[in-house]
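Peer 1: Here it is, the structure, as structure tokens.
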Amino acid sequence: MPDINALFRKRIGLPEDEIVRFEILDKVLEKTAKSIPFENICIINKNTSDISKESLVNKILDRNEGGVCYELNPILYLFLQENGFDVSLVRGAVYDHSAQNWAPTGLTHVTILLNLNNQTFVLDTGFGGNLPLKPVPLNGRTVHSGNGQFRIKKQNSEYGDYVFEMKLKHKDSDWKLGYAFDTKSIIRDLPELNAIKQVISESEHSAFNKAPLMTKITDSGTVTLTGSSLTIWKDGEMKKEDIAETQYPDLAKKHFGLSVKY
């Protein structure tokens, strides 16, 4: 079996001998967010693999690619599990602000719950540029990190019993709904994720099978690349430029370390 602990540490730049305690999880989350991009290239190229421990390790830790939520959070989950944490994967539904409604793909967001000393926290490294770079408790307390504020409210909806809310630095003047999640909808084993992958890869309602998207957190903001534009947020200032298709592979390599075909 692959040594996920060693490979994950190498990918995010965490020393081999550093003990992963709860107190340094903000460091782990920040390093992960800055090292492993959110990207949908395999979906766009129609060359996805069935999800397993081996396939996730191969894609993210051996080939140094990124992924979407059902890949990024499971690889972090496996790393945390190997380091002795009580973690589980649960399903959520993203809120679509342009439509002012829940995304029609339903419970296809995957996030992590961590239990420690009778408290439960959300850890999420698979929500694009909207990542809480610290564990967020389910008790409603607001968490402040370098990219904004985050909180979780107890709120029943058709998609669960809690909602994740965010107020992104430089972007949001008020709280925005991110997603609902269901603490009882626990994913028991990784192959269950294949049903989610199928919806995201094939559904006409999926936002991730239409056009390429890459995004990640940087030291000063975020960088996002699509097939037609490059957007860089740096110290609160946004610079967006249209790009030609021929520029796309070079920009993917430069900003994300990814090799993509033109």
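So you can find residues: chains in the structure tokens are A, B, ... in the order shown, residues in each start at 1, and ligands are numbered from 1 in order.
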Near Gly92 (chain A), within 8 Å and counting only C-alpha atoms, which residues show up once chain neighbours fewer than 2 positions away are dropped, as an MDAnalysis selection string?

Peer 2: chainID A and resid 90 94 106:111 159:160 179:182

Peer 1: What are the closest atom pairs, with distances in Å to one decimal, for all residues of region 154-215 of chain A lying within 12 Å of region 125-142 of chain A? Consider only C-alpha atoms, order rows by chain and residue number, and present the result as a tab-separated table.

Peer 2:
```
residue	atom	partner	partner_atom	distance
A:Lys154	CA	A:Leu138	CA	7.5
A:Gln155	CA	A:Gly140	CA	10.6
A:Asp161	CA	A:Leu138	CA	10.6
A:Tyr162	CA	A:Leu138	CA	8.0
A:Val163	CA	A:Leu138	CA	9.3
A:Phe164	CA	A:Val136	CA	9.0
A:Glu165	CA	A:Thr142	CA	9.5
A:Met166	CA	A:Asn130	CA	7.7
A:Lys167	CA	A:Asn130	CA	9.1
A:Leu168	CA	A:Asn130	CA	7.2
A:Lys169	CA	A:Asn130	CA	10.1
A:Lys171	CA	A:Asn130	CA	10.6
A:Asp172	CA	A:Asn130	CA	11.1
A:Trp175	CA	A:Thr142	CA	11.0
A:Lys176	CA	A:Asn130	CA	10.7
A:Leu177	CA	A:Asn130	CA	11.1
A:Gly178	CA	A:Asn130	CA	8.3
A:Tyr179	CA	A:Phe127	CA	9.6
A:Phe181	CA	A:Leu138	CA	11.2
A:Asp182	CA	A:Leu138	CA	11.9
A:Thr183	CA	A:Leu138	CA	10.2
A:Phe208	CA	A:Gly128	CA	11.5
A:Leu213	CA	A:Gly128	CA	9.6
A:Met214	CA	A:Gly128	CA	8.4
A:Thr215	CA	A:Gly128	CA	6.2
```

Peer 1: Would you save the residues of that selection, restricted to N, CA, C and O atoms, as a CSV table (one decimal), in the first residue's frame?

Peer 2:
```
chain,number,residue,atom,x,y,z
A,154,LYS,N,-26.3,25.7,12.8
A,154,LYS,CA,-27.3,24.6,12.9
A,154,LYS,C,-28.5,25.0,12.2
A,154,LYS,O,-29.2,26.0,12.6
A,155,GLN,N,-28.8,24.4,11.1
A,155,GLN,CA,-30.0,24.8,10.3
A,155,GLN,C,-30.4,23.7,9.4
A,155,GLN,O,-29.7,23.1,8.6
A,161,ASP,N,-28.4,19.1,8.1
A,161,ASP,CA,-28.7,19.7,9.4
A,161,ASP,C,-27.9,20.9,9.8
A,161,ASP,O,-28.0,21.5,10.8
A,162,TYR,N,-26.9,21.2,8.9
A,162,TYR,CA,-26.0,22.4,9.2
A,162,TYR,C,-25.8,23.1,7.8
A,162,TYR,O,-25.9,22.5,6.8
A,163,VAL,N,-25.4,24.4,8.0
A,163,VAL,CA,-24.9,25.1,6.8
A,163,VAL,C,-23.6,25.8,7.1
A,163,VAL,O,-23.3,26.2,8.2
A,164,PHE,N,-22.8,25.8,6.0
A,164,PHE,CA,-21.4,26.4,6.1
A,164,PHE,C,-21.6,27.8,5.4
A,164,PHE,O,-22.1,28.0,4.3
A,165,GLU,N,-21.1,28.9,6.2
A,165,GLU,CA,-21.2,30.2,5.7
A,165,GLU,C,-19.8,30.9,5.6
A,165,GLU,O,-18.9,30.5,6.4
A,166,MET,N,-19.7,31.9,4.8
A,166,MET,CA,-18.4,32.5,4.6
A,166,MET,C,-18.5,34.0,4.3
A,166,MET,O,-19.5,34.4,3.8
A,167,LYS,N,-17.5,34.7,4.7
A,167,LYS,CA,-17.3,36.1,4.4
A,167,LYS,C,-15.9,36.3,3.9
A,167,LYS,O,-15.0,36.5,4.7
A,168,LEU,N,-15.7,36.2,2.6
A,168,LEU,CA,-14.4,36.2,2.0
A,168,LEU,C,-13.7,37.6,2.1
A,168,LEU,O,-14.4,38.6,1.7
A,169,LYS,N,-12.5,37.7,2.5
A,169,LYS,CA,-11.8,38.9,2.6
A,169,LYS,C,-11.7,39.6,1.2
A,169,LYS,O,-11.4,39.0,0.2
A,171,LYS,N,-13.9,40.4,-0.7
A,171,LYS,CA,-14.9,40.0,-1.7
A,171,LYS,C,-16.3,40.1,-1.2
A,171,LYS,O,-17.3,40.5,-1.9
A,172,ASP,N,-16.6,39.8,0.1
A,172,ASP,CA,-17.9,39.7,0.6
A,172,ASP,C,-18.1,40.8,1.7
A,172,ASP,O,-17.3,40.8,2.6
A,175,TRP,N,-22.3,37.9,5.2
A,175,TRP,CA,-22.2,36.5,5.1
A,175,TRP,C,-22.9,35.9,3.9
A,175,TRP,O,-23.9,36.3,3.5
A,176,LYS,N,-22.2,34.9,3.3
A,176,LYS,CA,-22.8,34.2,2.2
A,176,LYS,C,-22.9,32.7,2.5
A,176,LYS,O,-22.0,32.1,3.1
A,177,LEU,N,-24.0,32.1,2.0
A,177,LEU,CA,-24.2,30.7,2.2
A,177,LEU,C,-23.3,29.9,1.2
A,177,LEU,O,-23.3,30.2,0.0
A,178,GLY,N,-22.5,29.0,1.8
A,178,GLY,CA,-21.7,28.2,0.9
A,178,GLY,C,-22.3,26.8,0.6
A,178,GLY,O,-22.5,26.5,-0.6
A,179,TYR,N,-22.6,26.1,1.6
A,179,TYR,CA,-23.3,24.8,1.3
A,179,TYR,C,-24.0,24.3,2.6
A,179,TYR,O,-23.7,24.7,3.7
A,181,PHE,N,-24.8,20.7,4.7
A,181,PHE,CA,-24.3,19.3,4.8
A,181,PHE,C,-25.0,18.5,5.8
A,181,PHE,O,-25.7,19.1,6.7
A,182,ASP,N,-24.9,17.3,5.7
A,182,ASP,CA,-25.7,16.3,6.5
A,182,ASP,C,-24.7,15.5,7.4
A,182,ASP,O,-24.0,14.6,6.8
A,183,THR,N,-24.7,15.7,8.7
A,183,THR,CA,-23.8,15.0,9.5
A,183,THR,C,-24.2,13.5,9.6
A,183,THR,O,-23.4,12.7,10.1
A,208,PHE,N,-19.1,21.6,-13.6
A,208,PHE,CA,-17.7,21.2,-13.8
A,208,PHE,C,-17.4,20.4,-15.0
A,208,PHE,O,-16.2,19.9,-15.1
A,213,LEU,N,-11.4,24.6,-15.5
A,213,LEU,CA,-11.3,25.5,-14.3
A,213,LEU,C,-10.1,25.0,-13.4
A,213,LEU,O,-10.0,23.9,-13.1
A,214,MET,N,-9.3,26.0,-13.1
A,214,MET,CA,-8.2,25.7,-12.1
A,214,MET,C,-8.2,26.9,-11.1
A,214,MET,O,-8.3,28.0,-11.6
A,215,THR,N,-8.1,26.6,-9.8
A,215,THR,CA,-8.0,27.7,-8.9
A,215,THR,C,-7.2,27.2,-7.7
A,215,THR,O,-7.3,26.1,-7.3
```

Peer 1: May I have the residues within 10 Å of Pro74 (chain A) as a PyMOL selection string, using only C-alpha atoms and disregarding those fewer than 2 positions away in the same chain?

Peer 2: chain A and resi 51-53+56+69-72+76-80+88-89+110-112+124-126+190+193

Peer 1: What's around Gly227 (chain A) at 8 Å? Count only C-alpha atoms, leave out sequence neighbours fewer than 2 positions away in its own chain, and write the answer as a VMD selection string.

Peer 2: chain A and resid 211 to 213 225 229 243 to 245 248

Peer 1: Those residues with N, CA and C atoms, as a PDB file, in the first residue's frame please?

Peer 2:
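Wrote it out as result.pdb, contents follow:
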```
ATOM      1  N   ALA A 211     -16.426  23.418 -18.957  1.00  0.00           N
ATOM      2  CA  ALA A 211     -15.231  24.170 -19.359  1.00  0.00           C
ATOM      3  C   ALA A 211     -14.146  23.976 -18.303  1.00  0.00           C
ATOM      4  N   PRO A 212     -12.880  24.084 -18.696  1.00  0.00           N
ATOM      5  CA  PRO A 212     -11.797  23.880 -17.730  1.00  0.00           C
ATOM      6  C   PRO A 212     -11.753  24.974 -16.664  1.00  0.00           C
ATOM      7  N   LEU A 213     -11.375  24.565 -15.460  1.00  0.00           N
ATOM      8  CA  LEU A 213     -11.264  25.486 -14.328  1.00  0.00           C
ATOM      9  C   LEU A 213     -10.130  25.033 -13.423  1.00  0.00           C
ATOM     10  N   LEU A 225      -7.723  30.077 -13.364  1.00  0.00           N
ATOM     11  CA  LEU A 225      -7.527  29.982 -14.809  1.00  0.00           C
ATOM     12  C   LEU A 225      -8.679  29.202 -15.431  1.00  0.00           C
ATOM     13  N   SER A 229      -9.795  32.931 -19.608  1.00  0.00           N
ATOM     14  CA  SER A 229      -9.347  34.058 -18.775  1.00  0.00           C
ATOM     15  C   SER A 229      -8.428  33.612 -17.646  1.00  0.00           C
ATOM     16  N   ILE A 243      -7.587  35.468 -22.268  1.00  0.00           N
ATOM     17  CA  ILE A 243      -6.447  34.759 -22.844  1.00  0.00           C
ATOM     18  C   ILE A 243      -6.895  34.022 -24.105  1.00  0.00           C
ATOM     19  N   ALA A 244      -5.938  33.758 -24.960  1.00  0.00           N
ATOM     20  CA  ALA A 244      -6.193  32.919 -26.133  1.00  0.00           C
ATOM     21  C   ALA A 244      -6.036  31.455 -25.731  1.00  0.00           C
ATOM     22  N   GLU A 245      -6.713  30.585 -26.444  1.00  0.00           N
ATOM     23  CA  GLU A 245      -6.617  29.153 -26.132  1.00  0.00           C
ATOM     24  C   GLU A 245      -5.173  28.674 -26.166  1.00  0.00           C
ATOM     25  N   TYR A 248      -3.259  28.849 -22.873  1.00  0.00           N
ATOM     26  CA  TYR A 248      -3.779  28.077 -21.740  1.00  0.00           C
ATOM     27  C   TYR A 248      -2.771  27.062 -21.186  1.00  0.00           C
TER      28      TYR A 248
END
```

Peer 1: Write out as number ranges by chain which residues come within 10 Å of Gly257 (chain A) when counting only C-alpha atoms, dropping same-chain ones fewer than 4 positions away.

Peer 2: A: 35-37, 64-66, 250-253

Peer 1: Can you list, as a list in words, every protein, DNA or RNA residue that comes within 12 Å of Ile43 (chain A) when you count only C-alpha atoms, leaving out same-chain residues fewer than 4 positions away?

Peer 2: Glu39, Asn47, Thr48, Ser49, Gly66, Gly67, Val68, Glu71, Lys197, Gln198, Val199, Ile200, Ser201, Glu202, Ser203, Ser206, Ala207, Phe208, Asn209, Lys210, Ala211, Pro212 and Leu213 of chain A

Peer 1: Save the residues we just selected, N, CA and C atoms, as a PDB file, in the first residue's frame?

Peer 2:
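Output (selection-v7.pdb):
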```pdb
ATOM      1  N   GLU A  39      -9.166  21.602  -9.548  1.00  0.00           N
ATOM      2  CA  GLU A  39      -9.178  21.610 -11.020  1.00  0.00           C
ATOM      3  C   GLU A  39      -9.961  20.411 -11.543  1.00  0.00           C
ATOM      4  N   ASN A  47     -11.267  11.464 -18.875  1.00  0.00           N
ATOM      5  CA  ASN A  47     -10.365  10.353 -18.538  1.00  0.00           C
ATOM      6  C   ASN A  47     -10.275  10.172 -17.018  1.00  0.00           C
ATOM      7  N   THR A  48     -11.445  10.232 -16.356  1.00  0.00           N
ATOM      8  CA  THR A  48     -11.485  10.023 -14.910  1.00  0.00           C
ATOM      9  C   THR A  48     -11.308   8.535 -14.598  1.00  0.00           C
ATOM     10  N   SER A  49     -10.859   8.263 -13.386  1.00  0.00           N
ATOM     11  CA  SER A  49     -10.695   6.885 -12.914  1.00  0.00           C
ATOM     12  C   SER A  49     -11.663   6.627 -11.770  1.00  0.00           C
ATOM     13  N   GLY A  66      -4.297  18.091  -9.296  1.00  0.00           N
ATOM     14  CA  GLY A  66      -5.255  18.509  -8.279  1.00  0.00           C
ATOM     15  C   GLY A  66      -6.500  17.661  -8.393  1.00  0.00           C
ATOM     16  N   GLY A  67      -7.651  18.295  -8.191  1.00  0.00           N
ATOM     17  CA  GLY A  67      -8.898  17.561  -8.295  1.00  0.00           C
ATOM     18  C   GLY A  67     -10.056  18.416  -7.831  1.00  0.00           C
ATOM     19  N   VAL A  68     -11.215  17.787  -7.710  1.00  0.00           N
ATOM     20  CA  VAL A  68     -12.405  18.446  -7.195  1.00  0.00           C
ATOM     21  C   VAL A  68     -12.690  17.900  -5.802  1.00  0.00           C
ATOM     22  N   GLU A  71     -12.189  14.364  -4.557  1.00  0.00           N
ATOM     23  CA  GLU A  71     -10.813  13.868  -4.600  1.00  0.00           C
ATOM     24  C   GLU A  71      -9.941  14.559  -3.552  1.00  0.00           C
ATOM     25  N   LYS A 197     -19.049  11.267  -8.371  1.00  0.00           N
ATOM     26  CA  LYS A 197     -18.205  11.542  -9.541  1.00  0.00           C
ATOM     27  C   LYS A 197     -19.014  11.437 -10.827  1.00  0.00           C
ATOM     28  N   GLN A 198     -19.892  10.451 -10.905  1.00  0.00           N
ATOM     29  CA  GLN A 198     -20.688  10.269 -12.118  1.00  0.00           C
ATOM     30  C   GLN A 198     -21.597  11.473 -12.381  1.00  0.00           C
ATOM     31  N   VAL A 199     -22.225  11.986 -11.312  1.00  0.00           N
ATOM     32  CA  VAL A 199     -23.101  13.151 -11.474  1.00  0.00           C
ATOM     33  C   VAL A 199     -22.293  14.371 -11.927  1.00  0.00           C
ATOM     34  N   ILE A 200     -21.188  14.617 -11.241  1.00  0.00           N
ATOM     35  CA  ILE A 200     -20.367  15.796 -11.562  1.00  0.00           C
ATOM     36  C   ILE A 200     -19.769  15.681 -12.961  1.00  0.00           C
ATOM     37  N   SER A 201     -19.415  14.480 -13.369  1.00  0.00           N
ATOM     38  CA  SER A 201     -18.776  14.279 -14.667  1.00  0.00           C
ATOM     39  C   SER A 201     -19.767  14.284 -15.818  1.00  0.00           C
ATOM     40  N   GLU A 202     -21.007  13.808 -15.556  1.00  0.00           N
ATOM     41  CA  GLU A 202     -21.907  13.538 -16.672  1.00  0.00           C
ATOM     42  C   GLU A 202     -23.197  14.353 -16.676  1.00  0.00           C
ATOM     43  N   SER A 203     -23.646  14.859 -15.534  1.00  0.00           N
ATOM     44  CA  SER A 203     -24.941  15.534 -15.491  1.00  0.00           C
ATOM     45  C   SER A 203     -24.936  16.841 -16.278  1.00  0.00           C
ATOM     46  N   SER A 206     -24.277  19.831 -14.026  1.00  0.00           N
ATOM     47  CA  SER A 206     -22.984  20.022 -13.373  1.00  0.00           C
ATOM     48  C   SER A 206     -22.266  21.229 -13.942  1.00  0.00           C
ATOM     49  N   ALA A 207     -21.687  22.034 -13.057  1.00  0.00           N
ATOM     50  CA  ALA A 207     -20.921  23.207 -13.489  1.00  0.00           C
ATOM     51  C   ALA A 207     -19.487  22.832 -13.869  1.00  0.00           C
ATOM     52  N   PHE A 208     -19.097  21.576 -13.625  1.00  0.00           N
ATOM     53  CA  PHE A 208     -17.681  21.213 -13.752  1.00  0.00           C
ATOM     54  C   PHE A 208     -17.359  20.366 -14.974  1.00  0.00           C
ATOM     55  N   ASN A 209     -18.353  20.099 -15.835  1.00  0.00           N
ATOM     56  CA  ASN A 209     -18.067  19.310 -17.031  1.00  0.00           C
ATOM     57  C   ASN A 209     -18.248  20.117 -18.323  1.00  0.00           C
ATOM     58  N   LYS A 210     -18.309  21.442 -18.176  1.00  0.00           N
ATOM     59  CA  LYS A 210     -18.548  22.303 -19.334  1.00  0.00           C
ATOM     60  C   LYS A 210     -17.269  22.970 -19.857  1.00  0.00           C
ATOM     61  N   ALA A 211     -16.426  23.418 -18.957  1.00  0.00           N
ATOM     62  CA  ALA A 211     -15.231  24.170 -19.359  1.00  0.00           C
ATOM     63  C   ALA A 211     -14.146  23.976 -18.303  1.00  0.00           C
ATOM     64  N   PRO A 212     -12.880  24.084 -18.696  1.00  0.00           N
ATOM     65  CA  PRO A 212     -11.797  23.880 -17.730  1.00  0.00           C
ATOM     66  C   PRO A 212     -11.753  24.974 -16.664  1.00  0.00           C
ATOM     67  N   LEU A 213     -11.375  24.565 -15.460  1.00  0.00           N
ATOM     68  CA  LEU A 213     -11.264  25.486 -14.328  1.00  0.00           C
ATOM     69  C   LEU A 213     -10.130  25.033 -13.423  1.00  0.00           C
TER      70      LEU A 213
END
```

Peer 1: Name the closest residue to Ile19 (chain A) among the candidates A:Glu82, A:Leu7, A:Asp174, A:Ile196; distances are taken between atoms, counting only C-alpha atoms.

Peer 2: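 Closest to Ile19 (chain A) of all the choices is A:Glu82.
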
Peer 1: Could you write out, as a list in words, all the residues of region 127-228 of chain A that DSSP marks as helix (DSSP H, G or I)?

Peer 2: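 So, restricting region 127-228 of chain A to helix (DSSP H, G or I), we get Leu190, Pro191, Glu192, Leu193, Asn194, Ala195, Ile196, Lys197, Gln198, Val199, Ile200, Ser201 and Glu202 of chain A.
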
Peer 1: Pick the closest to Lys10 (chain A) from A:Asp62, A:Asp189, A:Asp219, A:Asp242: which is it, counting only C-alpha atoms?

Peer 2: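 Of A:Asp62, A:Asp189, A:Asp219, A:Asp242, the one nearest Lys10 (chain A) is A:Asp62, counting only C-alpha atoms.
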
Peer 1: Could you jot down the CA of Asn45 (chain A) to CA of Trp233 (chain A) separation for me, Å, one decimal place?

Peer 2: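 So the answer is 27.5 Å.
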
Peer 1: Give the strand (DSSP E) residues of region 67-233 of chain A, as DSSP finds them on the backbone, and put them as number ranges by chain.

Peer 2: A: 86-96, 101-102, 109-116, 119-123, 136-137, 143-145, 148-157, 160-168, 176-187, 213-217, 221-226, 229-233

Peer 1: Report, in Å to a single decimal, how far apart CA of Gln119 (chain A) and CA of Phe85 (chain A) are.

Peer 2: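 Computing the Euclidean distance for CA of Phe85 (chain A) and CA of Gln119 (chain A) yields 12.7 Å.
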
Peer 1: If you measure from CA of Thr231 (chain A) to CA of His255 (chain A), what distance in Å do you get, rounded to one decimal?

Peer 2: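 Straight-line distance from CA of Thr231 (chain A) to CA of His255 (chain A) works out to 11.1 Å.
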
Peer 1: Counting only C-alpha atoms, which residue out of A:Asn194, A:Ser220, A:Gln149, A:Asn83 sits closest to Glu16 (chain A)?

Peer 2: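 Smallest distance to Glu16 (chain A) is found for A:Asn83.
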
Peer 1: May I ask which of the residues A:Glu192, A:Ile75, A:Asp17, A:Asn147 is the closest one to Lys234 (chain A), counting only C-alpha atoms?

Peer 2: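 Ranking A:Glu192, A:Ile75, A:Asp17, A:Asn147 by distance to Lys234 (chain A), first place goes to A:Asn147.
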
Peer 1: Could you check which of A:Leu61, A:Ser173, A:Arg21, A:Asn40 is closest to Ala6 (chain A), using only C-alpha atoms?

Peer 2: A:Leu61

Peer 1: Tell me which of A:Asp26, A:Glu241, A:Asp86, A:Asp50 sits closest to Ser145 (chain A), counting only C-alpha atoms.

Peer 2: A:Asp26
